[in-house]
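Below is my_file29.cif, which holds mmCIF, C-alpha atoms and all ligand atoms.
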data_entry
loop_
_atom_site.label_atom_id
_atom_site.label_comp_id
_atom_site.auth_asym_id
_atom_site.auth_seq_id
_atom_site.Cartn_x
_atom_site.Cartn_y
_atom_site.Cartn_z
CA MET T 23 149.76 124.24 120.89
CA ASN T 24 146.84 126.02 122.48
CA ILE T 25 144.78 128.10 120.08
CA THR T 26 141.53 129.99 120.02
CA LEU T 27 139.17 129.65 117.07
CA ARG T 28 136.63 132.37 116.48
CA VAL T 29 134.12 130.51 114.30
CA TRP T 30 131.18 131.85 112.30
CA ARG T 31 128.03 130.17 113.63
CA GLN T 32 124.78 130.58 111.73
CA ASP T 33 121.81 128.28 112.24
CA SER T 34 120.18 128.67 108.81
CA PRO T 35 120.35 130.77 105.62
CA SER T 36 117.90 133.29 107.03
CA SER T 37 119.19 133.53 110.61
CA ARG T 38 121.72 136.04 111.87
CA GLY T 39 125.29 134.76 112.26
CA ARG T 40 127.98 135.60 114.81
CA LEU T 41 131.57 134.74 115.66
CA VAL T 42 131.84 132.37 118.64
CA SER T 43 135.18 131.78 120.46
CA TYR T 44 136.38 128.27 121.29
CA GLY T 45 139.64 127.43 123.04
CA VAL T 46 141.32 124.29 121.68
CA ASP T 47 144.26 122.89 123.62
CA GLY T 48 146.59 119.99 122.84
CA VAL T 49 146.80 120.87 119.15
CA SER T 50 149.68 119.18 117.30
CA PRO T 51 151.55 121.32 114.73
CA ASP T 52 151.11 118.35 112.36
CA MET T 53 147.31 118.37 112.56
CA SER T 54 145.47 119.72 109.55
CA PHE T 55 143.13 122.64 110.04
CA LEU T 56 140.15 120.35 109.44
CA GLU T 57 141.40 117.89 112.07
CA VAL T 58 141.34 120.72 114.60
CA LEU T 59 137.72 121.37 113.65
CA ASP T 60 137.06 117.60 114.00
CA THR T 61 138.63 117.65 117.48
CA LEU T 62 136.61 120.68 118.49
CA ASN T 63 133.42 119.06 117.16
CA GLU T 64 134.08 115.89 119.19
CA ARG T 65 134.35 118.00 122.32
CA LEU T 66 131.23 120.01 121.46
CA THR T 67 129.29 116.81 120.79
CA LEU T 68 130.41 115.19 124.07
CA ALA T 69 129.36 118.36 125.89
CA GLY T 70 125.91 118.18 124.28
CA ASP T 71 126.50 121.23 122.07
CA VAL T 72 125.78 121.49 118.35
CA PRO T 73 128.93 120.71 116.30
CA ILE T 74 130.22 123.19 113.72
CA ALA T 75 129.02 122.47 110.19
CA PHE T 76 131.76 122.57 107.54
CA ASP T 77 132.35 120.90 104.17
CA SER T 78 135.09 118.40 103.36
CA ASP T 79 135.48 115.25 101.33
CA CYS T 80 138.83 114.11 99.88
CA ARG T 81 141.04 115.96 102.39
CA GLU T 82 143.92 115.89 99.91
CA GLY T 83 143.34 118.97 97.77
CA ILE T 84 141.39 117.32 94.97
CA CYS T 85 137.64 117.78 95.43
CA GLY T 86 137.42 121.50 96.20
CA SER T 87 134.77 121.17 98.89
CA CYS T 88 136.66 122.40 101.95
CA GLY T 89 136.90 126.15 101.47
CA LEU T 90 137.08 128.39 104.53
CA VAL T 91 138.15 132.00 105.00
CA ILE T 92 140.88 131.85 107.65
CA ASP T 93 142.03 135.13 109.17
CA GLY T 94 140.47 136.93 106.22
CA VAL T 95 142.21 134.85 103.52
CA ALA T 96 140.49 132.21 101.40
CA HIS T 97 142.11 128.83 102.29
CA GLY T 98 144.29 130.56 104.90
CA PRO T 99 147.83 131.95 105.01
CA LEU T 100 149.72 129.30 103.01
CA PRO T 101 149.73 129.82 99.20
CA LEU T 102 148.80 127.04 96.75
CA VAL T 103 147.00 124.83 99.25
CA THR T 104 143.40 124.07 100.09
CA THR T 105 142.10 124.34 103.64
CA CYS T 106 142.45 120.57 104.10
CA GLN T 107 146.16 120.81 103.20
CA LEU T 108 146.82 123.59 105.71
CA HIS T 109 148.56 122.41 108.89
CA MET T 110 148.74 124.01 112.30
CA ARG T 111 152.50 124.58 111.99
CA SER T 112 151.50 127.59 109.86
CA PHE T 113 150.16 129.23 113.05
CA ALA T 114 151.82 130.38 116.27
CA ASP T 115 151.11 128.79 119.65
CA GLY T 116 148.45 130.93 121.32
CA ALA T 117 147.07 132.19 118.00
CA VAL T 118 143.52 133.55 117.78
CA ILE T 119 142.20 132.47 114.37
CA ASP T 120 139.03 133.72 112.66
CA VAL T 121 137.17 131.08 110.63
CA GLU T 122 134.42 132.20 108.27
CA PRO T 123 132.52 130.83 105.25
CA TRP T 124 133.02 131.99 101.66
CA ARG T 125 131.26 135.33 101.37
CA ALA T 126 129.70 136.16 97.99
CA ALA T 127 126.10 136.91 97.03
CA PRO T 128 125.62 133.71 94.95
CA PHE T 129 126.99 131.54 97.80
CA THR T 130 124.18 131.34 100.36
CA VAL T 131 125.32 130.30 103.84
CA VAL T 132 123.50 127.02 104.49
CA LYS T 133 124.75 126.58 108.06
CA ASP T 134 127.84 127.80 109.94
CA LEU T 135 130.75 127.38 107.48
CA VAL T 136 128.81 125.55 104.75
CA VAL T 137 127.80 127.54 101.67
CA ASP T 138 125.80 126.50 98.62
CA ARG T 139 128.20 126.56 95.65
CA GLY T 140 125.64 125.16 93.22
CA ALA T 141 126.02 128.31 91.11
CA LEU T 142 129.43 127.03 89.97
CA ASP T 143 127.87 123.70 88.95
CA ARG T 144 125.22 125.51 86.93
CA ILE T 145 127.92 127.48 85.05
CA ILE T 146 129.59 124.19 84.09
CA ALA T 147 126.24 122.70 83.07
CA ALA T 148 125.69 125.68 80.75
CA GLY T 149 128.63 124.79 78.51
CA GLY T 150 131.37 122.75 80.17
CA TYR T 151 131.06 119.77 77.87
CA ILE T 152 131.98 118.54 74.39
CA SER T 153 129.94 116.50 71.91
CA VAL T 154 131.60 113.24 70.94
CA PRO T 155 130.21 110.18 69.15
CA THR T 156 129.63 107.25 71.46
CA GLY T 157 130.82 103.76 70.58
CA ALA T 158 134.28 102.25 70.43
CA ALA T 159 137.04 104.34 71.97
CA PRO T 160 139.19 106.03 69.30
CA ASP T 161 142.93 105.53 69.24
CA ALA T 162 144.54 107.79 71.82
CA HIS T 163 146.67 109.46 69.15
CA ALA T 164 143.95 109.74 66.47
CA VAL T 165 143.72 113.51 67.04
CA PRO T 166 147.22 114.92 67.47
CA VAL T 167 147.56 117.66 70.12
CA ALA T 168 150.78 119.61 70.49
CA LYS T 169 152.47 119.08 73.86
CA ALA T 170 152.37 122.78 74.76
CA THR T 171 148.64 122.91 73.97
CA ALA T 172 147.91 119.77 75.97
CA ASP T 173 149.90 121.14 78.91
CA HIS T 174 148.04 124.46 78.81
CA ALA T 175 144.66 122.71 78.67
CA PHE T 176 145.67 120.40 81.51
CA ASP T 177 146.81 123.31 83.69
CA ALA T 178 143.42 124.98 83.23
CA ALA T 179 141.65 121.68 83.89
CA THR T 180 143.24 121.43 87.34
CA CYS T 181 140.67 123.95 88.63
CA ILE T 182 138.85 122.07 91.39
CA GLY T 183 135.89 124.42 91.58
CA CYS T 184 136.55 125.38 95.18
CA GLY T 185 135.32 128.97 94.81
CA ALA T 186 138.24 130.61 96.64
CA CYS T 187 138.66 132.98 93.69
CA VAL T 188 135.11 134.21 94.23
CA ALA T 189 135.55 134.57 97.97
CA ALA T 190 138.71 136.65 97.48
CA CYS T 191 137.41 138.90 94.71
CA PRO T 192 136.17 142.35 95.82
CA ASN T 193 133.70 142.15 92.91
CA GLY T 194 132.48 138.66 93.83
CA SER T 195 133.46 137.52 90.34
CA ALA T 196 133.96 133.89 89.31
CA ALA T 197 135.99 134.97 86.27
CA LEU T 198 139.02 132.81 87.14
CA PHE T 199 136.86 129.70 87.51
CA LEU T 200 134.97 130.59 84.31
CA GLY T 201 138.19 131.22 82.42
CA ALA T 202 139.65 127.90 83.54
CA LYS T 203 136.58 125.97 82.43
CA ILE T 204 136.35 127.75 79.05
CA THR T 205 140.09 127.43 78.41
CA HIS T 206 140.57 123.75 79.16
CA LEU T 207 138.00 122.72 76.55
CA GLY T 208 138.64 125.55 74.07
CA ASP T 209 142.34 124.67 73.88
CA LEU T 210 141.73 121.19 72.51
CA PRO T 211 140.54 120.05 69.04
CA GLN T 212 137.68 118.12 70.65
CA GLY T 213 136.39 121.36 72.18
CA GLN T 214 136.14 123.34 68.93
CA PRO T 215 132.57 122.49 67.74
CA GLU T 216 130.97 124.23 70.75
CA ARG T 217 133.70 126.80 71.36
CA ASP T 218 131.58 129.85 70.45
CA SER T 219 128.34 128.70 72.07
CA ARG T 220 130.25 127.50 75.15
CA ALA T 221 131.81 130.91 75.78
CA ILE T 222 128.52 132.78 75.42
CA SER T 223 126.44 130.28 77.44
CA MET T 224 128.88 130.05 80.33
CA VAL T 225 129.34 133.82 80.59
CA GLU T 226 125.56 134.31 80.52
CA ALA T 227 125.20 131.68 83.28
CA HIS T 228 127.95 133.37 85.32
CA ASP T 229 126.28 136.77 85.08
CA GLY T 230 122.82 135.30 85.64
CA GLU T 231 123.92 133.70 88.91
CA GLY T 232 124.85 137.14 90.25
CA PHE T 233 128.64 136.95 90.12
CA GLY T 234 130.34 140.30 89.55
CA GLY T 235 132.46 141.39 86.63
CA CYS T 236 136.24 141.05 86.50
CA THR T 237 138.35 144.21 86.78
CA GLN T 238 141.69 142.35 86.76
CA ILE T 239 142.48 142.98 90.44
CA GLY T 240 144.19 139.59 90.78
CA GLU T 241 143.08 138.63 94.30
CA CYS T 242 141.63 135.45 92.76
CA THR T 243 144.87 134.04 91.42
CA ALA T 244 146.67 134.89 94.70
CA VAL T 245 144.46 132.46 96.65
CA CYS T 246 143.89 129.81 93.97
CA PRO T 247 145.23 126.51 95.34
CA GLN T 248 145.87 125.27 91.80
CA GLY T 249 147.85 128.30 90.65
CA ILE T 250 145.42 129.14 87.85
CA GLY T 251 146.72 132.33 86.22
CA LEU T 252 144.95 135.44 84.98
CA ASP T 253 145.72 134.46 81.38
CA VAL T 254 142.61 132.23 81.41
CA ILE T 255 140.49 135.35 81.91
CA SER T 256 142.07 136.99 78.88
CA ARG T 257 141.42 133.76 77.04
CA TYR T 258 137.70 133.72 77.80
CA HIS T 259 137.39 137.39 76.83
CA HIS T 260 139.01 136.44 73.52
CA ASP T 261 136.59 133.54 73.03
CA VAL T 262 133.55 135.70 73.83
CA LEU T 263 134.69 138.38 71.37
CA ALA T 264 135.32 135.77 68.68
CA ALA T 265 131.89 134.23 69.30
CA LEU T 266 130.19 137.63 68.92
CA ILE T 267 132.09 138.29 65.68
CA HIS T 268 130.92 134.87 64.44
CA GLY T 269 127.31 135.90 65.19
CA GLU T 270 126.88 133.78 68.33
CA GLY T 271 124.83 135.27 71.19
S1 LIG V 301 140.13 128.92 89.67
FE1 LIG V 301 141.30 128.25 91.51
S2 LIG V 301 140.30 129.30 93.24
FE2 LIG V 301 138.87 129.39 91.50
S3 LIG V 301 137.52 127.60 91.70
FE3 LIG V 301 139.24 126.96 90.36
S4 LIG V 301 140.75 126.08 91.77
FE4 LIG V 301 139.34 127.24 93.08
S1 LIG V 302 138.49 118.25 101.24
FE1 LIG V 302 138.79 117.96 99.09
S2 LIG V 302 140.03 119.66 98.51
FE2 LIG V 302 139.88 119.83 100.67
#

Represent the supplied structure as structure tokens.
Ligand code: SF4
Ligand code: FES
Amino acid sequence: MNITLRVWRQDSPSSRGRLVSYGVDGVSPDMSFLEVLDTLNERLTLAGDVPIAFDSDCREGICGSCGLVIDGVAHGPLPLVTTCQLHMRSFADGAVIDVEPWRAAPFTVVKDLVVDRGALDRIIAAGGYISVPTGAAPDAHAVPVAKATADHAFDAATCIGCGACVAACPNGSAALFLGAKITHLGDLPQGQPERDSRAISMVEAHDGEGFGGCTQIGECTAVCPQGIGLDVISRYHHDVLAALIHGEG
């Protein structure tokens, strides 16, 4: 395959960015999207040009670090995959593909395709934990959890914090991420002691970071590689309301 990438290049957070076209030939349909960027970077480096900065780590859909907006869609055209799991067979030979960073006010562009997603970490730090006594590990079945409850908590816990939901949301809201984090702890018995304070603290952190409010548009869940559903947003609204009734916040 021969393709053209139109890549967002931006030297620093304060500099002006622009799309730059690069032709890449000899692309295998089995290459991942990130491998094409690797190949292009090798060629740029050998030519004495500055390689394209982009984030990646696990390259198997686990870490959440590889988000790119590809042809206007967070993580590209294939549903339920991260950018690192997207392969070139999803594109036509001769395709011209736009590659941009996540765009949302709290995600500053650091360089080229790399954005600072520290705001998501700070939301987790505000309440994404439980208090447990240290010491000997308790028996695994000491606190019974119904299978359906455990499954629901686990599904919410699969959120990898990639930020695609924010990039896709016209409001720049991180409500899907927030809902996943509040739900996976609030579902379980171990998460009950801080359930009220967690909901209030994490929502305050979300709003304080400059993320927008949720108006249930649903663009977030359409691009989420983990298939997190809108029900987690209803769940965090429920938890916030309950916390306010209990006098929290
Ligand atoms: S909810 Fe989905 S899209 Fe949003 S951060 Fe988590 S995994 Fe990524
Ligand atoms: S590099 Fe880890 S999810 Fe893509």

Between T:Ser43, T:Ser78, T:Thr237, T:Thr67, which is the closest to ligand LIG 302 (chain V) once you count all atoms listed in the file?
T:Ser78

Would you name the residues within 7 Å of ligand LIG 302 (chain V), counting only C-alpha atoms and all ligand atoms, and put them as a PyMOL selection string?
chain T and resi 78-88+104-107

Chain T near ligand LIG 301 (chain V) within 10 Å: what's each residue's closest atom pair and its distance in Å to one decimal, counting all atoms listed in the file, ordered by chain then ascending residue number, as CSV?
residue,atom,partner,partner_atom,distance
T:Gly83,CA,V:LIG301,S4,9.7
T:Ile84,CA,V:LIG301,S4,9.3
T:Cys85,CA,V:LIG301,S4,9.6
T:Gly86,CA,V:LIG301,FE4,6.8
T:Ser87,CA,V:LIG301,FE4,9.6
T:Gly89,CA,V:LIG301,FE4,8.8
T:Ala96,CA,V:LIG301,S2,8.7
T:His97,CA,V:LIG301,S2,9.2
T:Leu102,CA,V:LIG301,FE1,9.2
T:Val103,CA,V:LIG301,S4,9.8
T:Thr104,CA,V:LIG301,FE4,8.7
T:Leu142,CA,V:LIG301,S3,8.3
T:Ala178,CA,V:LIG301,S1,8.2
T:Ala179,CA,V:LIG301,FE3,8.7
T:Thr180,CA,V:LIG301,S4,6.9
T:Cys181,CA,V:LIG301,FE3,3.8
T:Ile182,CA,V:LIG301,S4,4.5
T:Gly183,CA,V:LIG301,S3,3.6
T:Cys184,CA,V:LIG301,FE4,4.0
T:Gly185,CA,V:LIG301,S3,4.0
T:Ala186,CA,V:LIG301,S2,4.2
T:Cys187,CA,V:LIG301,S2,4.1
T:Val188,CA,V:LIG301,FE2,6.7
T:Ala189,CA,V:LIG301,S2,8.5
T:Ala190,CA,V:LIG301,S2,8.6
T:Ser195,CA,V:LIG301,FE2,9.8
T:Ala196,CA,V:LIG301,FE2,7.0
T:Ala197,CA,V:LIG301,S1,8.1
T:Leu198,CA,V:LIG301,S1,4.8
T:Phe199,CA,V:LIG301,S1,4.0
T:Leu200,CA,V:LIG301,S1,7.6
T:Gly201,CA,V:LIG301,S1,7.8
T:Ala202,CA,V:LIG301,S1,6.2
T:Lys203,CA,V:LIG301,FE3,8.4
T:Glu241,CA,V:LIG301,S2,9.8
T:Cys242,CA,V:LIG301,S2,6.3
T:Thr243,CA,V:LIG301,FE1,6.8
T:Ala244,CA,V:LIG301,S2,8.6
T:Val245,CA,V:LIG301,S2,6.2
T:Cys246,CA,V:LIG301,S2,3.7
T:Pro247,CA,V:LIG301,S4,5.7
T:Gln248,CA,V:LIG301,S4,5.2
T:Gly249,CA,V:LIG301,FE1,6.6
T:Ile250,CA,V:LIG301,FE1,5.6
T:Gly251,CA,V:LIG301,S1,8.2
T:Leu252,CA,V:LIG301,S1,9.4
T:Val254,CA,V:LIG301,S1,9.2

For region 213-228 of chain T, please output as a PyMOL selection string all residues within 12 Å (counting all atoms listed in the file; exclusion window: fewer than 4 positions along the same chain).
chain T and resi 128+140-154+165+167+175+188+194-209+232-236+255+257-271

CA of Lys133 (chain T) to CA of Met110 (chain T), distance in Å rounded to a single decimal:
24.5 Å

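When all atoms listed in the file are used to measure the gap to Gly116 (chain T), the shortest distance among T:Val58, T:Leu41, T:Ile239, T:Val49 belongs to T:Val49.
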
So how far away is CA of Pro101 (chain T) from CA of Val42 (chain T), in Å?
26.5 Å

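Considering only C-alpha atoms, the residue among T:Glu231, T:His163, T:Asn24, T:Thr156 positioned nearest to Pro51 (chain T) is T:Asn24.
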
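Going from CA of Ser54 (chain T) to CA of Ser112 (chain T) covers 9.9 Å.
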
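The smallest atom-to-atom distance between Phe176 (chain T) and any of T:Leu27, T:Leu210, T:Ala162, T:Met53, using only C-alpha atoms, is found for T:Leu210.
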
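Among the candidate residues T:Ala168, T:Ala159, T:Ala126, T:Val91, the one lying nearest to Val29 (chain T) is T:Val91, with distances computed using all atoms listed in the file.
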
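You can rank T:Val72, T:Val121, T:Ala170, T:Leu108 by their closest distance to Leu135 (chain T) using all atoms listed in the file, and at the top of that list sits T:Val121.
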
Surrounding residues of Val137 (chain T) excluding itself and chain neighbours under 4 positions, 7 Å, all atoms listed in the file, as a compact mmCIF listing (two decimals) with C-alpha atoms, in the frame of the given file:
# COMPACT_ATOMS: atom_id res chain seq x y z
CA PRO T 123 132.52 130.83 105.25
CA TRP T 124 133.02 131.99 101.66
CA PHE T 129 126.99 131.54 97.80
CA THR T 130 124.18 131.34 100.36
CA VAL T 131 125.32 130.30 103.84
CA VAL T 132 123.50 127.02 104.49

Work out where the centre of an axis-aligned box around every listed atom of region 219-224 of chain T lies and how long its edges are once 8 Å is added on each side; give both in Å to one decimal as lines of an AutoDock Vina configuration file.
center_x = 129.1
center_y = 130.1
center_z = 76.2
size_x = 21.4
size_y = 21.3
size_z = 24.3
